[in-house]
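**Q** Dropping a structure here in structure tokens format, bear with me for questions.
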Amino acid sequence: MDALALRWHLPPDDVCPDRWVKAVAQALPGTSRRLAQVLWQRQVCSLDELAGWLNPAAYCPAPASALGADMAIAVTRLQQAIANQEKVAIWGDFDADGVTATAVLWDGLGQVIPKGDRLTYFIPNRLSESHGLSRRGLDQLAEWGATLLVTCDTGSTSGAEIAYAKTLGMAVIVTDHHTLPEVDISAVALINPRRLPPEHPLATLSGVAVAYKLLEGLYESLASPPPLPLDHVLDLVAIGLIADLVELRGDCRYLAQRGLARLQSQTQPQPPYPRPGLAELLALCKRTGDRPTDISFGLGPRINAVSRIHGDASFCVELLTSQDGNRAQALAIEAELANTRRKALQRDLYEQVMSRVTQIDLATTRCLVLADEQWPIGILGLVAGQVAQALGRPTILLRIDPPSQEGLPSQGGRPRLARGSARSVKGLDLYQLFQAQAELLTGFGGHPLAAGLTLPVEHIEVLAAALNRMVREQLGGDGVPQPALEVDLTVTVAELGQPLFRELKWLEPCGMGNPVPRLLVRNAWFQNTFHKRLRDRQNKAVGFIKTEFELWDGGALAGFPGEWWGHYRDELPPGRCDVVVELDFNSYNGYHVKLVDVRPALREATELPPPPTAPVLDWRQAVPAEPEAVLRVDQAPVQWSDWQAWQRQAAQTGLPLALTFSAENDDLSPVGVWQELVGIAKYLVRTELVVTRSQLSDRLSLAPTSLSLGLAALAAAGFEVTALEGDAIAIQADSDPAAANLEPDAKMVQRFLDAVQEEQFRRRYFAQVPVTALSW
């Protein structure tokens, strides 16, 4: 399991109002109350907006002019370029949003400007260049003869480069959705939805959607319509929107809904505007194109993988827009192979990074900044996101440029650079953090939760110290926000299947602010489990694991199929457990679940007889001034057998039980517990004192089983743990512990961390559970 346990937020007890149920039934006849309940819990829209949210035919999209006066200026300048037969260049970006935005403008402008002769596109190389405009690329386009440059998904903060473009005789129209500039960048027009109020229906447009709105404005201004209608690019818009993880509300949701309907047509025998490249990609990833997951787990990763592995994403535009079936098939296979290689590299790099993390004092490290000369830069962002999610800390991974041939730290007076990606956690704006340390960086850009940066190697340590200080100041406390898993519905195995899937499918397209529904199945277990290492089209192992299983519970007549990506079968817990899953369907695997999280069931069956009932008094908030005679439960139980022992003791004494332990959660993080255990061990070595297991258990708030795992991890790290008389132990080491270079066994430490996580979860449960649940 991950190093930081997820908190489960279970569905609330309140039932949605009847008026809400009626509104959903009117919009979607035949649906049950479960869909209405989820919509009510999420509050993704108002009651008046519900029909348009569920059905795009009932939604009224905002016009292109809503993006401001710059839209009219940009349309006028494009009309001028068309009339004067100017050469126009499109400047895109190498991620899925930027690639699809480039393809949208290439196809859309290509109807009114001849492709190749007077229209071209340029995408930077991910491995050798960064996001945004560059002088090298501008020189190349100027040499081609471009007099108008239209950016997509980039350019808002490229003032210096736009000024340089003007010296080359190029006017620049910027379409983007990233951070707005603080000063005027001298572009002909800057079309960016961040200029709109946050509640505006266009406020969350991604780069491809902004490019689409520019086409919409241009098409509306033309005297005669182009050969193909505007909606012929909506499939590309849906891919970019969903792959970029923007919040799908307002026009974003509307465009994604319509785009998905068009994307599905690519798998039909005679689509209205065939894209053979998309059809090939969908076939390779075994998708039909009607689900947002077909994009987020199928098309998006394959488009992104091309630049992550090869650097150059230009052929992706050809893949998405070419009408040559043979060429499209060849390009699709290249994208598929790149994606399988990306999976293997990503898993390997994640293991390298987590191995480095074991050498870091996470009790004092609030922001992870790691660098290496060998790390592949194309997947740093993916792995940084995995680490940030696992550890609950913003993570920055950097690739250090190779030294000059002379072996010097710099060449030609230029410092040796480190380039990489950063991923944040909820509540921390990366862009603001980097902006505050801009003097240490040579470049940066991105979103609040994801950004790229470049800096001199000698600034890495200074940046890490500054970011750690800023994160500590902004988050307060221990600076480690604990991730939460929102659960939407509690269901049984028998309820999993087509009816529930079809009903919840009305929530799609899912994304930020409207995630895939999470379903809780209690007291379940796994059968027929097996894992397999995936292979690519050339039958080469790619080092990526998937575990398959059947999910059962007490009422199931048959097991329900499921899968757990990136995990081995041995990681599934034995016996009864509570699981959170996502219900999924595709034409290849049918209906199945994807395992999201699992933990042992709180009410596991035991061989002990049911305990006798005893009165339970809730004194967790405050103990009465004159308490009655009771049995005080001063520490929260760790498991139900502990609580049953208290009940038996109460039955024997005839006294009620009083819960006097705190309901507040003041536990250290699991990693913090490990750090404290190591600190205690070093102290005992230095002072040659003896300690009992009970003392350690009380100091660290650990059950005996968890403490035993911790002592085993200490032994694997080089300490000598000796059992003495009673439960006393001595801890020794061959060298001075203050100077010792401990090398903990990562697997042993992880076992201990997992045990602490589970123990803390159970203790938190008993600290918050209603008294009525304990009186059985």
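Chain identifiers are assigned as A, B, and so on, following the order in which chains appear in the structure tokens; residues are numbered from 1 within each chain, and ligands are numbered from 1 in order of appearance.
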So that I can see what lies close to Thr321 of chain A, please list as a PyMOL selection string the residues with an atom at most 9 Å from it, counting only C-alpha atoms and leaving out residues fewer than 5 positions away in the same chain.
**A** chain A and resi 103-104+106-107+275-278+316+328
**Q** Just list the residues in segment 612-746 of chain A DSSP gives strand (DSSP E or B) on the backbone, as an MDAnalysis selection string.
**A** chainID A and resid 616:618 631:633 657:659 690:692 720:723 728:732
**Q** Would you please work out which residue, of A:Arg399, A:Arg135, A:Arg249, A:Arg569, is nearest to Lys166 of chain A when using only C-alpha atoms?
**A** A:Arg135
**Q** Check the DSSP output for the backbone and give back, as a PyMOL selection string, the residues of segment 157-316 of chain A in alpha helix (DSSP H).
**A** chain A and resi 159-167+207-221+234-243+251-264+276-284+292-294+300-310+314-316
**Q** Identify, on the basis of only C-alpha atoms, every residue whose closest approach to Asn125 of chain A does not exceed 9 Å; exclude the query and any residue fewer than 5 positions from it along the same chain; express the result as an MDAnalysis selection string.
**A** chainID A and resid 93:94 130:131 307 310:314
